[in-house]
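Novice: Please see the structure below; I have some questions.
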Amino acid sequence: MKTPESNNMGVHAAKKNREMFAIKKSYSIENGYPSRRRSLVDDARFESLVVRQTKQSVLEEARQRCNDAGLTEEEVFLANAAAENKEAETAVQRAGLVLRLRESGGSLSRILKTVENLKGTVVQLESRPSKTPGCQLDILVTLDMARSSLLQLLRSLRQSGALAGVTLLSENKVDAKEAWFPRHARDLDNCNHLMTKYEPELDMNHPGFADKAYRERRKQIANIAFSYKYGDPIPHIDYNDDEISTWTSVFKTVVDLLPKHACAEYNRVFQLLQDEGIFREGAIPQLKDMSDFLQRHTGFTLRPAAGLLTARDFLASLAFRVFQSTQYVRHPTSPFHTPEPDCIHELLGHMPLLADPSFAQFSQEIGLASLGASDAEIEKLSTVYWFTVEFGLCKEGGVVKAYGAGLLSAYGELLHAVSDKPERRPFEPASTALQPYQDQEYQPIYYVAESFEDAKEKFRKWVAGMSRPYEVRFNPHTQCVEVLDSVAGLENLMSQLHLEMMHLQNAVNKIKAGF
Ligand SMILES: C[C@H](O)[C@H](O)[C@H]1CNc2nc(N)[nH]c(=O)c2N1
Ligand SMILES: N[C@@H](Cc1ccc(O)cc1)C(=O)O
Ligand SMILES: [Fe+2]
């Protein structure tokens, strides 16, 4: 089966690519985020722009270093890989070259001779009449060769008058231009970029802006998240009295409002969390305990996040049933609203429903749809996320109830959402995805889902029309996202499903036999 693990070289290349173009911690702080008005769609646009610019400057730098302005992206990639250390320089790698020959004459044999001199092995050789004017033949040659020799070969081919063009193809079909996305839960170590402009250091309207001790404390907790790596135990935080009393006051108001305004699925899990002593007055739940709870119910786990993540990084983690959660607490002067997500929002708003099987699956569906999506599609997906997971309403026996995390952790807006003031529209992914929104005042429009099942079904139909030319699937046994683009992979999946169907059939038979 073609799993990311067996397609090792490609994955390695893609990962290197991501690391090479990576931005340290945040998109906004180092890049002067310009927007004044908060919108996650603008955030997503800004993220793409910074990624493009960073990539451009990395390429420029490499071209200058190699003193060759004509280096293609693939060649920069190769040169950087070779420059890592002695071993990397002499490591043999497979490469595909397209050569455009002016004349078929003796030039091909000369080229092959050069390959031989450089200790390369030809794995495959194909030719076809060239469509390029002034050229006779196009040759596709696949080689195994040490990286440094490959660079040398490219240089000498470029100088040869017999060739009208030389193109290095991407390593093992991985297109360096294609969007990288995490293939294994451990790759989420690379998916924690922040939008930092709502942090207390930068946002003058943040209630903690003038409070030095608060900013220090927040930074200290955020740093724990920065150094977190996949597989580490989730760090325990010793919350202080101020933090605990903030939690307790928000918790009390939520408990009062739930019976009337929260959806049944939320209330059910909330009760469980109270029964287990995870949700109570006087103690902020530890992410570790919450993560274990979620894992028992839906397989979701938590990893600490240092602040508001970019939409692409945040959504990607959902594909792995991982929720990236902040661990610091909002400022004590403003318990009922904070401009950036904090652990009270994540714990009270998001966690209960992540323990509901149907909702967990909906969240994962959005995450899976985001992998390899275009920038425009990420904008749409985050808008859908906004009007469902963050601010969604749903119907329950003719009454409108809240399931959005931003409503369940902010009681003022919850009362507003269920009052007769805002406009309510039925949830339709295609139109919901285009609705502009802001995050500074209460929402003027909310979208109402018939049920989670219905929302999921509509979402799935809508997502099927997206541009990605392949389907992806999460394999819970390996924690890998598999790209369903090979017959072998599909056959494997089919045989697994076949086995499940047999179990299902047997179960039905046994129940029937019991009557
Ligand atoms: C996908 C969407 O933009 C969404 O609102 C995300 C953004 N980043 C986040 N980052 C953190 N830490 N917590 C969140 O709830 C979110 N929500
Ligand atoms: N406003 C939310 C927190 C929040 C802020 C920004 C977000 O994108 C999400 C959540 C609260 O007070 O609970
Ligand atoms: Fe949220």
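How things are named: the first chain in the structure tokens is A, the next is B, and so on; residues count from 1 in each chain; ligands count from 1 in the order shown.
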Would you mind listing what lies within 7 Å of region 207-222 of chain A as a list in words, with only C-alpha atoms counted and same-chain residues fewer than 2 positions away left out?
Specialist: Pro200, Glu201, Asp203, Met204, Asn205, Ile224, Ala225, Phe226, Ala306, Gln327, Tyr328, His331, Thr333 and Ser334 of chain A
Novice: With N, CA and C atoms kept, could you save the residues just selected as a PDB file, in the first residue's frame?
Specialist:
```
ATOM      1  N   PRO A 200      -1.815  40.384  24.331  1.00  0.00           N
ATOM      2  CA  PRO A 200      -1.823  41.576  25.196  1.00  0.00           C
ATOM      3  C   PRO A 200      -0.672  42.535  24.902  1.00  0.00           C
ATOM      4  N   GLU A 201       0.449  42.030  24.361  1.00  0.00           N
ATOM      5  CA  GLU A 201       1.591  42.900  24.055  1.00  0.00           C
ATOM      6  C   GLU A 201       1.269  43.864  22.916  1.00  0.00           C
ATOM      7  N   ASP A 203      -2.094  44.352  21.286  1.00  0.00           N
ATOM      8  CA  ASP A 203      -3.452  44.850  21.109  1.00  0.00           C
ATOM      9  C   ASP A 203      -3.792  45.798  22.250  1.00  0.00           C
ATOM     10  N   MET A 204      -3.903  47.087  21.905  1.00  0.00           N
ATOM     11  CA  MET A 204      -4.157  48.067  22.961  1.00  0.00           C
ATOM     12  C   MET A 204      -5.501  47.863  23.637  1.00  0.00           C
ATOM     13  N   ASN A 205      -6.403  47.170  22.944  1.00  0.00           N
ATOM     14  CA  ASN A 205      -7.711  46.926  23.548  1.00  0.00           C
ATOM     15  C   ASN A 205      -7.756  45.667  24.393  1.00  0.00           C
ATOM     16  N   ILE A 224       5.531  27.341  27.106  1.00  0.00           N
ATOM     17  CA  ILE A 224       5.412  25.899  27.326  1.00  0.00           C
ATOM     18  C   ILE A 224       4.872  25.245  26.048  1.00  0.00           C
ATOM     19  N   ALA A 225       3.898  25.919  25.417  1.00  0.00           N
ATOM     20  CA  ALA A 225       3.310  25.377  24.191  1.00  0.00           C
ATOM     21  C   ALA A 225       4.323  25.395  23.045  1.00  0.00           C
ATOM     22  N   PHE A 226       5.153  26.452  22.983  1.00  0.00           N
ATOM     23  CA  PHE A 226       6.133  26.525  21.897  1.00  0.00           C
ATOM     24  C   PHE A 226       7.125  25.375  21.942  1.00  0.00           C
ATOM     25  N   ALA A 306       0.067  28.098  21.628  1.00  0.00           N
ATOM     26  CA  ALA A 306       0.558  29.306  22.286  1.00  0.00           C
ATOM     27  C   ALA A 306      -0.345  30.515  22.072  1.00  0.00           C
ATOM     28  N   GLN A 327      -3.606  27.458  26.838  1.00  0.00           N
ATOM     29  CA  GLN A 327      -3.573  26.985  28.221  1.00  0.00           C
ATOM     30  C   GLN A 327      -3.576  28.144  29.225  1.00  0.00           C
ATOM     31  N   TYR A 328      -3.401  29.379  28.710  1.00  0.00           N
ATOM     32  CA  TYR A 328      -3.420  30.540  29.612  1.00  0.00           C
ATOM     33  C   TYR A 328      -4.861  30.998  29.804  1.00  0.00           C
ATOM     34  N   HIS A 331      -7.816  37.802  31.081  1.00  0.00           N
ATOM     35  CA  HIS A 331      -7.505  38.760  32.131  1.00  0.00           C
ATOM     36  C   HIS A 331      -8.656  38.834  33.151  1.00  0.00           C
ATOM     37  N   THR A 333      -9.989  41.147  34.780  1.00  0.00           N
ATOM     38  CA  THR A 333     -10.954  42.255  34.738  1.00  0.00           C
ATOM     39  C   THR A 333     -12.034  42.023  33.679  1.00  0.00           C
ATOM     40  N   SER A 334     -11.874  41.012  32.866  1.00  0.00           N
ATOM     41  CA  SER A 334     -12.849  40.824  31.782  1.00  0.00           C
ATOM     42  C   SER A 334     -13.225  39.347  31.622  1.00  0.00           C
TER      43      SER A 334
END
```
Novice: Region 120-234 of chain A: which residues are strand (DSSP E) by DSSP, as a ChimeraX atom specification?
Specialist: /A:121-129,137-146,163-168
Novice: For the selection you just gave me, I'd like the residues written to a file as a short mmCIF file (atom, residue, chain, number, x, y, z; two decimals), in the first residue's frame, keeping C-alpha atoms.
Specialist:
```
data_model
loop_
_atom_site.label_atom_id
_atom_site.label_comp_id
_atom_site.auth_asym_id
_atom_site.auth_seq_id
_atom_site.Cartn_x
_atom_site.Cartn_y
_atom_site.Cartn_z
CA THR A 121 23.31 5.21 -12.80
CA VAL A 122 20.63 5.56 -15.44
CA VAL A 123 17.42 3.95 -14.19
CA GLN A 124 15.15 4.86 -17.05
CA LEU A 125 15.46 6.57 -20.42
CA GLU A 126 12.65 7.68 -22.71
CA SER A 127 12.66 9.77 -25.83
CA ARG A 128 10.11 11.45 -28.06
CA PRO A 129 10.21 13.89 -30.96
CA LEU A 137 14.37 15.12 -29.31
CA ASP A 138 13.05 15.37 -25.76
CA ILE A 139 14.72 12.90 -23.42
CA LEU A 140 13.38 11.95 -20.04
CA VAL A 141 16.14 10.36 -17.99
CA THR A 142 15.84 9.07 -14.45
CA LEU A 143 19.13 8.82 -12.56
CA ASP A 144 20.55 7.77 -9.23
CA MET A 145 23.40 10.08 -8.35
CA ALA A 146 25.20 11.78 -5.47
CA LEU A 163 21.06 21.24 -25.46
CA ALA A 164 18.30 23.81 -25.74
CA GLY A 165 17.05 23.16 -22.25
CA VAL A 166 17.51 21.11 -19.06
CA THR A 167 14.79 20.72 -16.44
CA LEU A 168 15.23 18.99 -13.12
#
```
Novice: My list of candidates is A:Val329, A:Leu258, A:Leu150, A:Leu368. Which is closest to ligand 2 when distances are computed with only C-alpha atoms and all ligand atoms?
Specialist: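 Of A:Val329, A:Leu258, A:Leu150, A:Leu368, the one nearest ligand 2, counting only C-alpha atoms and all ligand atoms, is A:Val329.
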Novice: Pick out the residues no farther than 8 Å from ligand 1, counting only C-alpha atoms and all ligand atoms, and list them as a PyMOL selection string.
Specialist: chain A and resi 40-41+44+194+305-315+324-326+341-342+345-346+350+381-383+385-386+390
Novice: If the limit is 6 Å from any atom of ligand 2, counting only C-alpha atoms and all ligand atoms, which residues qualify? Return them as number ranges by chain.
Specialist: A: 336-341, 345, 406, 409-410
Novice: Give the answer as one residue: which of A:Glu482, A:Asp439, A:Glu453, A:Glu428 has the shortest atom-to-atom distance to ligand 3, using only C-alpha atoms and all ligand atoms?
Specialist: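 Ranking A:Glu482, A:Asp439, A:Glu453, A:Glu428 by distance to ligand 3, first place goes to A:Asp439.
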Novice: So that I can check the surroundings of Met290 (chain A), please list as a list in words every protein, DNA and RNA residue that reaches within 9 Å of it, counting only C-alpha atoms and ignoring chain neighbours fewer than 5 positions away.
Specialist: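 Those residues are Leu273, Ile278, Pro285, Gln295, Thr301, Leu302, Leu347 and Met351 of chain A.
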Novice: In terms of the shortest atom-to-atom distance over only C-alpha atoms and all ligand atoms, which of A:Asn117, A:Thr132, A:Ser363, A:Ser467 is closest to ligand 3?
Specialist: A:Ser363
Novice: Looking at only C-alpha atoms and all ligand atoms, which of A:Cys343, A:Cys480, A:Ile284, A:Met502 is the one that sits closest to ligand 3?
Specialist: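 Using only C-alpha atoms and all ligand atoms, ligand 3 sits closest to A:Cys343.
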Novice: Compile the contact shell of Ala464 (chain A) as a PyMOL selection string: residues with an atom at most 10 Å away, counting only C-alpha atoms, same-chain residues fewer than 5 positions apart removed.
Specialist: chain A and resi 369+459+471
Novice: Could you write out the selected residues, including N, CA, C and O atoms, as a PDB file, in the first residue's frame?
Specialist:
```
ATOM      1  N   ALA A 369     -10.931  18.250   4.837  1.00  0.00           N
ATOM      2  CA  ALA A 369     -11.165  19.043   3.626  1.00  0.00           C
ATOM      3  C   ALA A 369     -10.112  20.137   3.472  1.00  0.00           C
ATOM      4  O   ALA A 369      -9.822  20.589   2.366  1.00  0.00           O
ATOM      5  N   PHE A 459     -22.388  19.397   4.374  1.00  0.00           N
ATOM      6  CA  PHE A 459     -20.995  19.803   4.270  1.00  0.00           C
ATOM      7  C   PHE A 459     -20.240  18.877   3.319  1.00  0.00           C
ATOM      8  O   PHE A 459     -19.497  19.315   2.452  1.00  0.00           O
ATOM      9  N   GLU A 471      -8.776  12.232  -2.967  1.00  0.00           N
ATOM     10  CA  GLU A 471      -9.490  12.114  -1.707  1.00  0.00           C
ATOM     11  C   GLU A 471      -8.478  11.752  -0.624  1.00  0.00           C
ATOM     12  O   GLU A 471      -7.472  11.094  -0.901  1.00  0.00           O
TER      13      GLU A 471
END
```
Novice: Could you tell me which of A:Gly96, A:Gly404, A:Gly412, A:Gly367 comes closest to Arg473 (chain A) if we count only C-alpha atoms?
Specialist: A:Gly367
Novice: If we count only C-alpha atoms and set the cut-off at 8 Å, which residues sit around Tyr446 (chain A), ignoring sequence neighbours fewer than 2 positions away in its own chain? Please answer as number ranges by chain.
Specialist: A: 387, 391-393, 417, 422-425, 443-444, 448
